[in-house]
file start-v2.cif (mmCIF, C-alpha atoms)
data_input
#
loop_
_atom_site.label_atom_id
_atom_site.label_comp_id
_atom_site.auth_asym_id
_atom_site.auth_seq_id
_atom_site.Cartn_x
_atom_site.Cartn_y
_atom_site.Cartn_z
CA MET N 925 5.85 -46.00 32.62
CA SER N 926 4.35 -49.36 33.60
CA LYS N 927 1.20 -49.82 35.71
CA GLU N 928 3.41 -51.14 38.53
CA GLU N 929 5.60 -48.02 38.41
CA LEU N 930 2.51 -45.80 38.49
CA GLU N 931 1.32 -47.59 41.61
CA THR N 932 4.62 -47.96 43.47
CA GLY N 933 6.99 -45.54 41.76
CA PRO N 934 10.05 -46.43 39.66
CA ASN N 935 12.77 -48.62 41.12
CA PRO N 936 15.44 -46.16 42.44
CA SER N 937 18.17 -48.76 41.82
CA GLU N 938 17.53 -48.68 38.06
CA ALA N 939 18.82 -45.80 35.96
CA ARG N 940 16.32 -44.33 33.50
CA GLN N 941 16.86 -41.77 30.74
CA GLN N 942 14.59 -38.78 30.21
CA MET N 943 14.89 -35.90 27.75
CA VAL N 944 14.30 -32.35 28.97
CA LYS N 945 14.53 -28.95 27.30
CA GLU N 946 15.78 -25.85 29.10
CA HIS N 947 15.92 -22.50 27.29
CA ARG N 948 16.00 -24.24 23.88
CA VAL N 949 18.84 -26.57 24.94
CA GLU N 950 18.07 -30.30 25.12
CA PHE N 951 19.53 -32.51 27.84
CA GLU N 952 19.46 -36.21 28.51
CA VAL N 953 18.78 -36.72 32.22
CA GLU N 954 19.66 -40.02 33.85
CA LEU N 955 17.32 -40.73 36.75
CA GLY N 956 17.99 -43.30 39.42
CA ALA N 957 21.11 -45.18 40.45
CA GLY N 958 24.35 -43.22 40.50
CA SER N 959 22.80 -39.89 39.53
CA GLN N 960 23.64 -36.70 41.39
CA LYS N 961 20.58 -35.07 42.92
CA THR N 962 17.77 -35.77 40.37
CA GLY N 963 20.22 -36.24 37.50
CA PHE N 964 19.95 -32.55 36.55
CA PHE N 965 20.54 -29.46 38.66
CA CYS N 966 17.29 -27.55 38.04
CA ASP N 967 18.20 -25.04 40.76
CA GLN N 968 20.82 -23.48 38.46
CA ARG N 969 18.38 -22.86 35.58
CA ASP N 970 18.29 -19.06 35.87
CA ASN N 971 22.04 -18.82 36.46
CA ARG N 972 22.69 -20.86 33.31
CA ALA N 973 20.50 -18.37 31.42
CA ARG N 974 22.57 -15.48 32.82
CA ILE N 975 25.79 -17.00 31.54
CA ALA N 976 24.18 -17.76 28.17
CA GLN N 977 23.29 -14.09 27.74
CA LEU N 978 26.91 -13.08 28.37
CA ALA N 979 28.68 -15.77 26.36
CA LYS N 980 28.56 -14.51 22.77
CA GLN N 981 32.06 -14.44 21.23
CA LYS N 982 33.62 -15.28 24.59
CA ASP N 983 35.97 -18.07 25.65
CA VAL N 984 34.12 -19.92 28.42
CA LEU N 985 35.36 -22.39 31.03
CA ASP N 986 32.77 -24.51 32.87
CA CYS N 987 34.22 -26.31 35.91
CA PHE N 988 32.39 -29.20 37.61
CA SER N 989 30.33 -29.31 34.43
CA TYR N 990 28.47 -32.57 35.25
CA THR N 991 26.31 -33.20 32.13
CA GLY N 992 27.26 -29.89 30.49
CA GLY N 993 24.69 -27.45 31.89
CA PHE N 994 26.54 -24.12 31.75
CA ALA N 995 28.80 -25.26 28.88
CA LEU N 996 25.99 -26.17 26.51
CA HIS N 997 24.07 -22.96 27.18
CA ALA N 998 27.20 -20.91 26.47
CA ALA N 999 27.95 -22.84 23.27
CA ALA N 1000 24.35 -22.61 22.06
CA ASN N 1001 24.42 -18.84 22.52
CA GLY N 1002 27.44 -18.06 20.41
CA ALA N 1003 30.49 -18.53 22.62
CA LYS N 1004 33.76 -18.44 20.69
CA SER N 1005 34.99 -21.53 22.54
CA VAL N 1006 33.78 -23.62 25.47
CA THR N 1007 35.83 -25.90 27.71
CA ALA N 1008 34.05 -28.14 30.23
CA VAL N 1009 35.87 -29.92 33.07
CA GLU N 1010 34.35 -32.91 34.89
CA SER N 1011 35.89 -35.82 36.78
CA SER N 1012 33.04 -38.32 36.27
CA LYS N 1013 33.30 -40.55 33.19
CA ALA N 1014 29.58 -41.33 33.33
CA ALA N 1015 28.61 -37.64 33.47
CA LEU N 1016 30.99 -36.80 30.61
CA ARG N 1017 29.45 -39.52 28.46
CA ILE N 1018 26.05 -37.89 28.88
CA ALA N 1019 27.51 -34.39 28.39
CA GLU N 1020 29.15 -35.38 25.11
CA GLY N 1021 25.84 -36.84 23.93
CA ASN N 1022 24.09 -33.61 24.89
CA ALA N 1023 26.58 -31.55 22.90
CA SER N 1024 26.08 -33.76 19.86
CA ARG N 1025 22.31 -33.60 20.27
CA ASN N 1026 22.40 -29.79 20.29
CA ARG N 1027 25.00 -29.59 17.49
CA VAL N 1028 27.43 -27.48 19.48
CA ASN N 1029 31.17 -27.79 20.01
CA VAL N 1030 32.45 -28.20 23.55
CA ASP N 1031 35.95 -29.31 24.52
CA PHE N 1032 35.31 -31.79 27.34
CA LYS N 1033 38.12 -32.55 29.77
CA GLU N 1034 38.06 -35.49 32.18
CA ALA N 1035 40.05 -34.09 35.09
CA ASP N 1036 40.08 -33.01 38.69
CA VAL N 1037 39.18 -29.31 38.60
CA PHE N 1038 41.90 -28.25 41.05
CA ASP N 1039 44.53 -30.06 38.98
CA PHE N 1040 43.15 -28.67 35.72
CA LEU N 1041 43.21 -25.10 37.00
CA LYS N 1042 46.74 -25.54 38.35
CA GLY N 1043 47.89 -26.76 34.93
CA ALA N 1044 46.08 -23.89 33.19
CA MET N 1045 47.83 -21.39 35.46
CA GLU N 1046 51.22 -22.93 34.72
CA ASN N 1047 50.49 -22.84 30.97
CA GLY N 1048 49.19 -19.27 30.98
CA GLN N 1049 45.70 -20.25 29.78
CA LYS N 1050 42.90 -17.77 30.39
CA TRP N 1051 39.18 -17.47 29.66
CA ASP N 1052 36.72 -14.58 29.39
CA ILE N 1053 34.08 -16.31 31.53
CA VAL N 1054 34.79 -18.91 34.20
CA VAL N 1055 32.09 -20.86 36.06
CA ILE N 1056 32.84 -22.90 39.17
CA ASP N 1057 29.94 -24.91 40.59
CA PRO N 1058 31.55 -27.39 43.00
CA PRO N 1059 29.88 -30.09 45.12
CA LYS N 1060 28.83 -29.43 48.70
CA TYR N 1061 32.05 -28.75 50.61
CA ALA N 1062 30.30 -27.85 53.87
CA PRO N 1063 27.54 -30.39 54.58
CA THR N 1064 27.45 -29.27 58.23
CA GLN N 1065 28.30 -26.19 60.27
CA LYS N 1066 31.15 -28.15 61.84
CA SER N 1067 32.85 -28.55 58.46
CA LEU N 1068 32.50 -24.87 57.49
CA GLU N 1069 36.04 -23.67 58.23
CA ARG N 1070 37.67 -26.53 56.33
CA ALA N 1071 35.24 -25.91 53.46
CA ARG N 1072 35.99 -22.18 53.48
CA ARG N 1073 39.66 -22.92 52.92
CA LYS N 1074 38.79 -25.22 50.02
CA TYR N 1075 36.48 -22.61 48.46
CA HIS N 1076 39.24 -20.03 48.88
CA GLY N 1077 41.79 -22.18 47.09
CA LEU N 1078 39.36 -23.01 44.29
CA ASN N 1079 38.37 -19.38 43.76
CA LYS N 1080 41.99 -18.23 43.82
CA ARG N 1081 42.78 -20.60 40.96
CA ALA N 1082 39.63 -19.71 39.03
CA LEU N 1083 40.35 -15.98 39.35
CA SER N 1084 43.91 -16.56 38.16
CA VAL N 1085 42.69 -18.02 34.85
CA THR N 1086 40.10 -15.29 34.24
CA ARG N 1087 41.20 -12.61 31.78
CA SER N 1088 41.30 -9.03 32.97
CA GLY N 1089 37.86 -7.60 32.26
CA GLY N 1090 36.35 -11.08 32.34
CA LEU N 1091 33.73 -12.65 34.57
CA LEU N 1092 33.69 -15.33 37.25
CA LEU N 1093 30.49 -17.02 38.41
CA SER N 1094 31.36 -18.66 41.72
CA CYS N 1095 28.81 -21.00 43.29
CA SER N 1096 28.25 -22.80 46.57
CA CYS N 1097 25.47 -25.29 47.23
CA SER N 1098 26.41 -25.58 50.92
CA ARG N 1099 23.79 -24.22 53.32
CA ALA N 1100 26.48 -23.67 55.97
CA MET N 1101 28.52 -21.49 53.59
CA THR N 1102 25.51 -19.57 52.30
CA GLY N 1103 24.14 -19.07 55.80
CA SER N 1104 27.46 -17.77 57.09
CA GLY N 1105 27.15 -14.63 54.96
CA LYS N 1106 30.87 -14.84 54.27
CA PHE N 1107 30.90 -16.07 50.67
CA GLU N 1108 31.67 -12.66 49.14
CA ASP N 1109 34.36 -12.05 51.77
CA MET N 1110 35.96 -15.36 50.77
CA ILE N 1111 35.98 -14.33 47.09
CA ALA N 1112 37.51 -10.94 47.95
CA SER N 1113 40.24 -12.64 49.98
CA ALA N 1114 40.93 -15.12 47.17
CA ALA N 1115 41.14 -12.26 44.67
CA GLN N 1116 43.70 -10.46 46.81
CA ASP N 1117 45.81 -13.61 47.02
CA ALA N 1118 45.51 -14.10 43.25
CA GLY N 1119 46.63 -10.54 42.55
CA LYS N 1120 43.23 -9.62 41.13
CA ARG N 1121 40.69 -6.87 41.73
CA VAL N 1122 36.99 -7.78 41.64
CA THR N 1123 33.71 -5.92 41.34
CA PHE N 1124 30.62 -7.71 42.63
CA LEU N 1125 27.89 -7.62 39.98
CA GLY N 1126 25.24 -9.72 41.73
CA THR N 1127 24.56 -12.62 44.04
CA PHE N 1128 21.79 -15.04 43.11
CA GLY N 1129 20.09 -18.08 44.56
CA ALA N 1130 18.16 -21.04 43.22
CA SER N 1131 15.52 -20.74 40.53
CA PRO N 1132 11.91 -20.17 41.67
CA ASP N 1133 11.02 -23.87 41.64
CA HIS N 1134 13.35 -24.16 44.67
CA PRO N 1135 11.62 -21.69 47.05
CA ASN N 1136 13.01 -20.58 50.41
CA HIS N 1137 10.81 -21.29 53.43
CA PRO N 1138 11.33 -19.11 56.54
CA SER N 1139 10.86 -22.06 58.90
CA MET N 1140 13.33 -24.20 56.92
CA PRO N 1141 16.63 -22.30 56.63
CA GLU N 1142 18.22 -25.29 54.86
CA THR N 1143 16.09 -24.44 51.78
CA LYS N 1144 18.24 -21.31 51.29
CA TYR N 1145 21.40 -23.15 50.30
CA LEU N 1146 22.56 -21.99 46.87
CA THR N 1147 24.75 -18.96 46.34
CA ALA N 1148 25.93 -17.89 42.88
CA THR N 1149 28.02 -14.74 42.84
CA LEU N 1150 28.98 -12.99 39.60
CA VAL N 1151 32.10 -10.84 39.69
CA ALA N 1152 34.04 -8.82 37.15
CA VAL N 1153 37.75 -9.59 37.37
CA PHE N 1154 40.64 -7.21 36.71
CA ASP N 1155 44.39 -7.40 36.96
CA THR N 1156 45.85 -5.21 39.71
#

call {"tool": "encode", "arguments": {"input": "start-v2.cif", "output": "structure tokens"}}
result
Amino acid sequence: MSKEELETGPNPSEARQQMVKEHRVEFEVELGAGSQKTGFFCDQRDNRARIAQLAKQKDVLDCFSYTGGFALHAAANGAKSVTAVESSKAALRIAEGNASRNRVNVDFKEADVFDFLKGAMENGQKWDIVVIDPPKYAPTQKSLERARRKYHGLNKRALSVTRSGGLLLSCSCSRAMTGSGKFEDMIASAAQDAGKRVTFLGTFGASPDHPNHPSMPETKYLTATLVAVFDT
């Protein structure tokens, strides 16, 4: 970093690359212009580790993969196959480089997740572990009901492509959804509509470097719920 950057900070309009390592997996992080959040979703660190521990010899689907976070951890920990779906060309370029860097095989798909899941349902495709980590559907309390319907539709499709006895990790980064206390109810309703039965195994938040402050309820925004999925 230059003396000028040390004094004034880097120019936010210029993208910069930085290498990071998380649980033995290396990622290229693109900081600056066009990046989502900081260029890497550190808040999901512990949840990525949970999926990694469960992935051995499993077929894994990572939806809204961004630069390959959940996908690469699953592949690096012995998954039988990993499919990663992302709509951003720029993010996929980085994700493919990350897979190559870690010498793992991931089948990257450039697609809208809703469309991909619809096609998978029509083709009878199923996975042992499905991760859905969508963008913020409910940025405000006013948008919560519309967002709830979108989460419901997404989870219904994700549950439909999860094998009986498999696992779904369903996430929401919307404070309004998390604060409503209705996320698990939404998953249960989606499961009923999908003709599935679910058992709730745990609900998790952000990793410890994203603490919750009692006077700032917006800091408690991330929900990640792990469910076991069974055919009815």

call {"tool": "atom_distance", "arguments": {"input": "start-v2.cif", "atom1": "CA of Asp983 in chain N", "atom2": "CA of Ser1024 in chain N"}}
result
19.4 Å

call {"tool": "resolve_selection", "arguments": {"input": "start-v2.cif", "expression": "the PyMOL selection byres ((chain N and resi 1006) around 8)", "output": "VMD selection string"}}
result
chain N and resid 983 to 986 995 998 to 999 1003 to 1005 1007 to 1008 1029 to 1031

call {"tool": "closest_atom_pairs", "arguments": {"input": "start-v2.cif", "of": "range 937-1044 of chain N", "to": "range 1069-1092 of chain N", "cutoff": "10 Å", "atoms": "all atoms listed in the file", "output": "Markdown table"}}
result
| residue | atom | partner | partner_atom | distance |
| --- | --- | --- | --- | --- |
| N:Ile975 | CA | N:Leu1091 | CA | 9.5 |
| N:Leu978 | CA | N:Leu1091 | CA | 9.2 |
| N:Lys982 | CA | N:Gly1090 | CA | 9.2 |
| N:Asp983 | CA | N:Gly1090 | CA | 9.7 |
| N:Val984 | CA | N:Leu1091 | CA | 9.5 |
| N:Leu985 | CA | N:Thr1086 | CA | 9.1 |
| N:Cys987 | CA | N:Ala1082 | CA | 9.1 |
| N:Val1037 | CA | N:Leu1078 | CA | 8.5 |
| N:Phe1038 | CA | N:Leu1078 | CA | 6.7 |
| N:Asp1039 | CA | N:Arg1081 | CA | 9.8 |
| N:Phe1040 | CA | N:Arg1081 | CA | 9.6 |
| N:Leu1041 | CA | N:Arg1081 | CA | 6.0 |
| N:Lys1042 | CA | N:Arg1081 | CA | 6.8 |
| N:Ala1044 | CA | N:Val1085 | CA | 7.0 |

call {"tool": "atom_distance", "arguments": {"input": "start-v2.cif", "atom1": "CA of Val944 in chain N", "atom2": "CA of Asn1022 in chain N"}}
result
10.7 Å

call {"tool": "closest_residue", "arguments": {"input": "start-v2.cif", "among": "N:Lys1013, N:Lys980, N:His947, N:His997", "to": "Ala1035 in chain N", "atoms": "only C-alpha atoms"}}
result
N:Lys1013

call {"tool": "closest_residue", "arguments": {"input": "start-v2.cif", "among": "N:Ile1053, N:Leu1068, N:Leu955, N:Val1153", "to": "Ala1114 in chain N", "atoms": "all atoms listed in the file"}}
result
N:Val1153

call {"tool": "closest_residue", "arguments": {"input": "start-v2.cif", "among": "N:Ile1018, N:Gln981, N:Cys1095, N:Thr1064", "to": "Trp1051 in chain N", "atoms": "all atoms listed in the file"}}
result
N:Gln981

call {"tool": "closest_residue", "arguments": {"input": "start-v2.cif", "among": "N:Gln977, N:Gln941, N:Gln968, N:Thr991", "to": "Ser1011 in chain N", "atoms": "only C-alpha atoms"}}
result
N:Thr991

call {"tool": "atom_distance", "arguments": {"input": "start-v2.cif", "atom1": "CA of Thr1127 in chain N", "atom2": "CA of Thr1147 in chain N"}}
result
6.7 Å

call {"tool": "resolve_selection", "arguments": {"input": "start-v2.cif", "expression": "the PyMOL selection byres ((chain N and resi 1034) around 8)", "output": "list in words"}}
result
Val1009, Glu1010, Ser1011, Ser1012, Lys1013, Leu1016, Phe1032, Lys1033, Ala1035 and Asp1036 of chain N

call {"tool": "write_last_selection", "arguments": {"input": "start-v2.cif", "atoms": "C-alpha atoms", "output": "mmCIF file, in the coordinates of the input"}}
result
data_model
loop_
_atom_site.group_PDB
_atom_site.id
_atom_site.type_symbol
_atom_site.label_atom_id
_atom_site.label_comp_id
_atom_site.auth_asym_id
_atom_site.auth_seq_id
_atom_site.Cartn_x
_atom_site.Cartn_y
_atom_site.Cartn_z
ATOM 1 C CA VAL N 1009 35.870 -29.920 33.070
ATOM 2 C CA GLU N 1010 34.350 -32.910 34.890
ATOM 3 C CA SER N 1011 35.890 -35.820 36.780
ATOM 4 C CA SER N 1012 33.040 -38.320 36.270
ATOM 5 C CA LYS N 1013 33.300 -40.550 33.190
ATOM 6 C CA LEU N 1016 30.990 -36.800 30.610
ATOM 7 C CA PHE N 1032 35.310 -31.790 27.340
ATOM 8 C CA LYS N 1033 38.120 -32.550 29.770
ATOM 9 C CA ALA N 1035 40.050 -34.090 35.090
ATOM 10 C CA ASP N 1036 40.080 -33.010 38.690
#

call {"tool": "closest_residue", "arguments": {"input": "start-v2.cif", "among": "N:Ala979, N:Ala973, N:Ala1015, N:Ala1115", "to": "Val1054 in chain N", "atoms": "only C-alpha atoms"}}
result
N:Ala979

call {"tool": "closest_residue", "arguments": {"input": "start-v2.cif", "among": "N:Val1151, N:Ala976, N:Ala1019, N:Ser989", "to": "Gly1002 in chain N", "atoms": "all atoms listed in the file"}}
result
N:Ala976

call {"tool": "residues_around", "arguments": {"input": "start-v2.cif", "residues": "Arg1121 in chain N", "least_positions_apart": "2", "cutoff": "9 Å", "atoms": "all atoms listed in the file", "output": "PyMOL selection string"}}
result
chain N and resi 1112+1115-1116+1118-1119+1123+1152-1156

call {"tool": "write_last_selection", "arguments": {"input": "start-v2.cif", "atoms": "C-alpha atoms", "output": "mmCIF file, in the coordinates of the input"}}
result
data_model
loop_
_atom_site.group_PDB
_atom_site.id
_atom_site.type_symbol
_atom_site.label_atom_id
_atom_site.label_comp_id
_atom_site.auth_asym_id
_atom_site.auth_seq_id
_atom_site.Cartn_x
_atom_site.Cartn_y
_atom_site.Cartn_z
ATOM 1 C CA ALA N 1112 37.510 -10.940 47.950
ATOM 2 C CA ALA N 1115 41.140 -12.260 44.670
ATOM 3 C CA GLN N 1116 43.700 -10.460 46.810
ATOM 4 C CA ALA N 1118 45.510 -14.100 43.250
ATOM 5 C CA GLY N 1119 46.630 -10.540 42.550
ATOM 6 C CA THR N 1123 33.710 -5.920 41.340
ATOM 7 C CA ALA N 1152 34.040 -8.820 37.150
ATOM 8 C CA VAL N 1153 37.750 -9.590 37.370
ATOM 9 C CA PHE N 1154 40.640 -7.210 36.710
ATOM 10 C CA ASP N 1155 44.390 -7.400 36.960
ATOM 11 C CA THR N 1156 45.850 -5.210 39.710
#
